[in-house]
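Colleague: Input: one structure, supplied below.
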Amino acid sequence: MTELISASENSTTTSSGPGSWERFERTTTGWGRATMLATLLVTLAGPYILVQLTGARLSDVFTVFWAIALAFGVVWFVEPITYYPMLGSASMYQAFMIGNISSKLLPAALVAQEAVGAKPGTRKAQLASVLAICGAVVVHLIALTTVVGVLGSWLLSVMPAFLLQVVQTNVLAAIIGAVLVQMVLSNPKPIIVAIAAVVGTFVIFFLVPNAPALFGETVGSKVAMFGTLIAVLLTIGISILVAKVAPQLLGLSAGADAADEASTTTPATTSRDQH
Amino acid sequence: MLLPAAVDGNSTDVLALANLPILWVGVGLVFVIIAFQSLMFYRAARRAAPDTGMERGDVVVAFRSGAISAIGPSLSTCLVAISLLGLLGGPAVLTRIGLIGSAPYEVGAAGIGAHALGAELGGEGYDQRVFATIFLALCLAGGMWIVFTLILTPLMKAGNDVLGKKHATLLVVVPAAAMMGAFGIFALQQIEVGVHAGGSWVPTITMVVAAVSMIGLVVLRRVTGAAWLQEWALGITLVLSLGAAALVS
């Protein structure tokens with residue numbers, strides 16, 4: 001990762017006027033931060049109003065937030081670290097507002113870099129990626145407005161109630177089936193799949209049903225509510241244990257250099273497919 | 001306030017709350033902010049281009065290639081988003097799945113959230129109050145991405161990639177384990193619905209059809225080498241599996 005960055009600094013300081021680049025960085029960093037914070041505030045304001053209107057409890061919101069944080073929080077900093085070398089600093093401020101990075105923005109940036117003949121990591125490549133994401137934004141905002149906003153709302157209004165009910169009750173199952181297969185096929189770590197399967201079966205078919213008998217009613221009902229979280233944390237814990245005790249099972253080489261090797265190669269190739 | 005008649009925390013008419021006009025105003029603002037950001041970034045990039053050896057023509061080429069290559073993935077995202085409209089409502093779908101986040105992560109997080117409240121997404125106990133709670137928690141959690149990006153980008157620019165170096169194994173293993181663990185248990189929960197007395201096997205059937213369709217599409221892509229199949233895989237899978245669900249319901 002760091003190699004890519006330092007290579008970019010070396011190769012470009014000679015070929016360009018530093019003044020104009022600094023201005024570009026200042027503009028993109030300044031507006032990037034301002035627009036990101038504005039988006040954050042706007043997206044929080046709406047649901048906060050709903051919480052007030054419905055009389056929902058903020059303590060419940062934080063319970064849910066911590067449950068999500070425990071399960072997925074690590075992705076919050078893994079993704080910025082993973083995508084930085086591929087996107088460069090300016091595009092980071094774009095990418096994490098627009099979303100669907102691996103499936104949409106990275107391909108767009110790579111295609112554009114190739115189209116203008118920019119070597120990865122150079123300043124030209126960073127500009128190409130910024131411009132490509134601008135192009136992608138135009139297409140995506142138009143598509144969202146017309147297809148989801150207009151067509152989607154219309155579809156919902158004309159869809160027979162029966163069909164709407166079917167979609168509502170089964171869309172999660174459909175997404176789960178599809179994403180599960182995608183995850184296994186695109187990032188095959190059979191041992192993690194196996195751990196997740198065993199842990200999941202244990203939690204769903206043994207722990208949760210027997211929790212009231214094992215721990216009493218109060219704790220038992222909590223176990224049921226946090227079953228998913230318990231399963232995720234167990235899967236993470238056992239996977240870390242396996243990584244420490246038998247790294248070869250995860251395709252990582254043993255010892256201290258495993259860390260270095262993984263940091264330069266694995267995140268860029270494996271985590272790309274996650275989001 | 002706006003449309004107070006639609007608001008009742010105990011009501012299971014979640015869509016009435018999820019589509020409140022005030023939320024659509026928020027969606028409009030997010031669109032405007034992102035469009036404005038793109039305009040500023042485009043102008044900044046165009047101004048800096050000549051000094052990095054990028055010609056005027058290249059600026060247009062880069063912009064256009066980005067736009068064209070985004071068409072497929074963008075429409076595919078839209079298809080997934082439409083399928084979730086009935087569950088989460090327009091504003092949540094547009095600002096969490098259409099923009100900012102992505103379907104697998106947000107759906108996973110919403111699932112975990114619903115269970116923590118003792119409810120099922122779109123099922124038992126899913127009322128307006130639960131929706132509001134989950135929606136705010138999702139936005140807080142999604143906001144953490146923004147916070148970490150704002151903190152980490154300057155650090156990594158300064159070459160401070162300590163975290164990535166020191167904990168490389170964890171950075172590879174933990175996210176994979178978290179996503180596998182979550183989606184593994186979601187899958188088992190669908191099956192559990194069927195196992196229950198008086199439960200329905202329709203979700204299980206839908207899930208299996210989705211999984212099989214996805215395997216078929218991935219195989220087809222590897223055989224034919226058609227890249228567009230990868231972009232459209234999730235969308236096509238949803239249509240096929242929900243079609244199957246309608247048939248067996």
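Residue numbering restarts at 1 in every chain; chains get A, B, ... in the order shown in the structure tokens, and ligands count up from 1 in that same order.
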Name all residues at most 10 Å from segment 120-136 of chain B (count only C-alpha atoms; drop same-chain ones fewer than 6 positions away) and give them as a CSV table (one decimal) with C-alpha atoms, in the first residue's frame.

Modeller:
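Output saved as result25.csv:
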chain,number,residue,atom,x,y,z
A,43,THR,CA,-29.0,11.8,6.8
A,44,LEU,CA,-29.1,11.8,10.6
A,45,ALA,CA,-31.7,14.6,10.8
A,46,GLY,CA,-34.5,12.8,8.9
A,47,PRO,CA,-34.5,9.6,11.0
A,48,TYR,CA,-34.0,11.6,14.2
A,49,ILE,CA,-37.3,13.3,13.5
A,50,LEU,CA,-39.0,9.9,13.0
A,51,VAL,CA,-37.6,8.7,16.3
A,52,GLN,CA,-39.1,11.8,18.0
A,53,LEU,CA,-42.5,11.5,16.2
A,54,THR,CA,-43.0,7.8,17.0
A,55,GLY,CA,-41.8,8.1,20.5
A,56,ALA,CA,-39.0,5.5,19.9
A,57,ARG,CA,-36.3,5.4,22.6
A,58,LEU,CA,-32.8,6.8,21.9
A,59,SER,CA,-31.5,4.0,24.2
A,60,ASP,CA,-33.0,1.5,21.8
A,61,VAL,CA,-31.2,3.3,18.9
A,62,PHE,CA,-27.9,2.9,20.7
A,63,THR,CA,-28.6,-0.7,21.5
A,64,VAL,CA,-29.1,-1.3,17.8
A,65,PHE,CA,-26.1,0.8,16.9
A,165,GLN,CA,-46.8,-8.8,0.2
A,167,VAL,CA,-41.8,-9.2,-2.2
A,168,GLN,CA,-41.9,-7.7,1.3
A,169,THR,CA,-41.8,-11.0,3.1
A,170,ASN,CA,-39.3,-12.7,0.8
A,171,VAL,CA,-36.9,-10.0,-0.5
A,172,LEU,CA,-34.5,-10.6,2.4
B,6,ALA,CA,-49.7,8.9,9.3
B,7,VAL,CA,-47.6,8.7,12.4
B,8,ASP,CA,-48.4,6.1,15.1
B,9,GLY,CA,-45.5,4.3,16.7
B,10,ASN,CA,-47.5,1.1,17.1
B,11,SER,CA,-48.9,1.1,13.6
B,12,THR,CA,-47.5,-1.6,11.3
B,13,ASP,CA,-48.0,0.7,8.3
B,14,VAL,CA,-44.3,1.4,8.2
B,15,LEU,CA,-44.4,2.8,4.6
B,16,ALA,CA,-46.6,5.7,5.7
B,17,LEU,CA,-43.9,6.8,8.1
B,18,ALA,CA,-41.0,5.8,5.8
B,86,GLY,CA,-41.8,-2.0,0.0
B,87,LEU,CA,-39.8,-2.9,3.1
B,88,LEU,CA,-37.9,0.3,3.9
B,92,ALA,CA,-34.2,5.0,3.3
B,96,ARG,CA,-28.7,4.0,2.4
B,107,VAL,CA,-29.6,-5.3,4.9
B,109,ALA,CA,-27.1,-4.3,9.6
B,110,ALA,CA,-30.9,-3.8,9.5
B,111,GLY,CA,-31.4,-7.5,10.2
B,112,ILE,CA,-29.2,-7.4,13.2
B,113,GLY,CA,-30.9,-4.3,14.4
B,114,ALA,CA,-34.4,-5.8,14.1
B,142,GLY,CA,-23.3,4.4,8.0

Colleague: Can you pull out the residues contacting Met225 of chain A? Cut-off 9 Å, using only C-alpha atoms, and skip same-chain residues under 4 positions away; I want them as a list in words.

Modeller: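 Result of the neighbour search: Val208, Gly220, Ser221 and Leu229 of chain A; Ala114, His115, Ala116, Leu117, Gly118 and Ala119 of chain B.
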
Colleague: If you run DSSP on the backbone here, which positions in segment 36-155 of chain B get alpha helix (DSSP H)? Please write them as a VMD selection string.

Modeller: chain B and resid 36 to 48 56 to 88 90 to 92 103 to 116 128 to 155

Colleague: Which of these residues is nearest to chain A, using only C-alpha atoms: B:Gly101, B:Arg221, B:Gly28, B:Pro91?

Modeller: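 Residue with the minimum atom-to-atom distance to chain A: B:Gly101.
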
Colleague: Just to confirm, what's the straight-line distance from atom CA of Val193 of chain B to atom CA of Pro104 of chain B in Å (one decimal)?

Modeller: 21.0 Å

Colleague: As a list in words, please: the residues near Ala71 of chain A (cut-off 10 Å, only C-alpha atoms, same-chain neighbours under 3 positions excluded).

Modeller: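 The neighbour list is Phe65, Trp66, Ala67, Ile68, Val74, Val75, Thr228, Leu229, Ile230, Ala231, Val232, Leu233 and Ile236 of chain A; Gly108, Ala109, Ile112, Val174, Pro175, Ala177, Ala178, Met179, Gly181 and Ala182 of chain B.
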
Colleague: Quick one, how far is atom CA of Pro190 of chain A from atom CA of Val242 of chain A?

Modeller: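 Going from atom CA of Pro190 of chain A over to atom CA of Val242 of chain A covers 12.3 Å.
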
Colleague: Pick out the closest residue to Pro203 of chain B from this set: A:Leu87, A:Val245, A:Ala173, A:Ile238. Count only C-alpha atoms.

Modeller: A:Ala173

Colleague: Do a neighbour search on Val111 of chain A at 10 Å with only C-alpha atoms, toss out local chain neighbours closer than 6 positions, and write the hits as JSON, numbers by chain.

Modeller: {"A": [105, 117, 128, 129, 132], "B": [62, 65, 66, 68, 69]}

Colleague: Generate a file of the selected residues that holds N, CA and C atoms, formatted as a PDB file, in the first residue's frame.

Modeller:
ATOM      1  N   LEU A 105     -17.868   2.158  -8.490  1.00  0.00           N
ATOM      2  CA  LEU A 105     -16.893   3.241  -8.613  1.00  0.00           C
ATOM      3  C   LEU A 105     -15.496   2.750  -8.995  1.00  0.00           C
ATOM      4  N   GLY A 117      -4.657   6.317 -20.427  1.00  0.00           N
ATOM      5  CA  GLY A 117      -3.283   5.826 -20.345  1.00  0.00           C
ATOM      6  C   GLY A 117      -2.544   6.301 -19.114  1.00  0.00           C
ATOM      7  N   ALA A 128      -7.907  11.103 -13.244  1.00  0.00           N
ATOM      8  CA  ALA A 128      -8.802  10.274 -14.055  1.00  0.00           C
ATOM      9  C   ALA A 128      -9.870   9.656 -13.169  1.00  0.00           C
ATOM     10  N   SER A 129      -9.475   9.206 -11.976  1.00  0.00           N
ATOM     11  CA  SER A 129     -10.445   8.558 -11.102  1.00  0.00           C
ATOM     12  C   SER A 129     -11.466   9.570 -10.561  1.00  0.00           C
ATOM     13  N   ALA A 132     -13.777  10.223 -13.503  1.00  0.00           N
ATOM     14  CA  ALA A 132     -14.623   9.060 -13.772  1.00  0.00           C
ATOM     15  C   ALA A 132     -15.750   8.977 -12.753  1.00  0.00           C
TER      16      ALA A 132
ATOM     17  N   ALA B  62     -12.012  10.717 -19.688  1.00  0.00           N
ATOM     18  CA  ALA B  62     -12.094  10.110 -18.360  1.00  0.00           C
ATOM     19  C   ALA B  62     -13.503  10.217 -17.790  1.00  0.00           C
ATOM     20  N   SER B  65     -15.797   7.848 -19.826  1.00  0.00           N
ATOM     21  CA  SER B  65     -15.624   6.412 -19.537  1.00  0.00           C
ATOM     22  C   SER B  65     -16.217   6.063 -18.183  1.00  0.00           C
ATOM     23  N   GLY B  66     -16.052   6.987 -17.222  1.00  0.00           N
ATOM     24  CA  GLY B  66     -16.647   6.746 -15.909  1.00  0.00           C
ATOM     25  C   GLY B  66     -18.158   6.655 -16.007  1.00  0.00           C
ATOM     26  N   ILE B  68     -20.040   5.940 -18.680  1.00  0.00           N
ATOM     27  CA  ILE B  68     -20.517   4.769 -19.430  1.00  0.00           C
ATOM     28  C   ILE B  68     -20.371   3.492 -18.612  1.00  0.00           C
ATOM     29  N   SER B  69     -19.211   3.351 -17.943  1.00  0.00           N
ATOM     30  CA  SER B  69     -19.035   2.088 -17.213  1.00  0.00           C
ATOM     31  C   SER B  69     -19.915   2.022 -15.972  1.00  0.00           C
TER      32      SER B  69
END

Colleague: Just to confirm, what's the straight-line distance from atom CA of Arg64 of chain B to atom CA of Leu127 of chain A in Å (one decimal)?

Modeller: 13.4 Å

Colleague: Excluding same-chain residues fewer than 2 positions from Val148 of chain A, what lies within 10 Å of it counting only C-alpha atoms, as a list in words?

Modeller: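 What passes the distance filter is Ile142, Ala143, Leu144, Thr145, Thr146, Val150, Leu151, Gly152, Ser153, Trp154 and Leu155 of chain A; Leu75, Thr77, Cys78, Leu79, Val80, Ala81, Ile82, Ser83, Leu85, Gly90, Val93, Leu94 and Gly98 of chain B.
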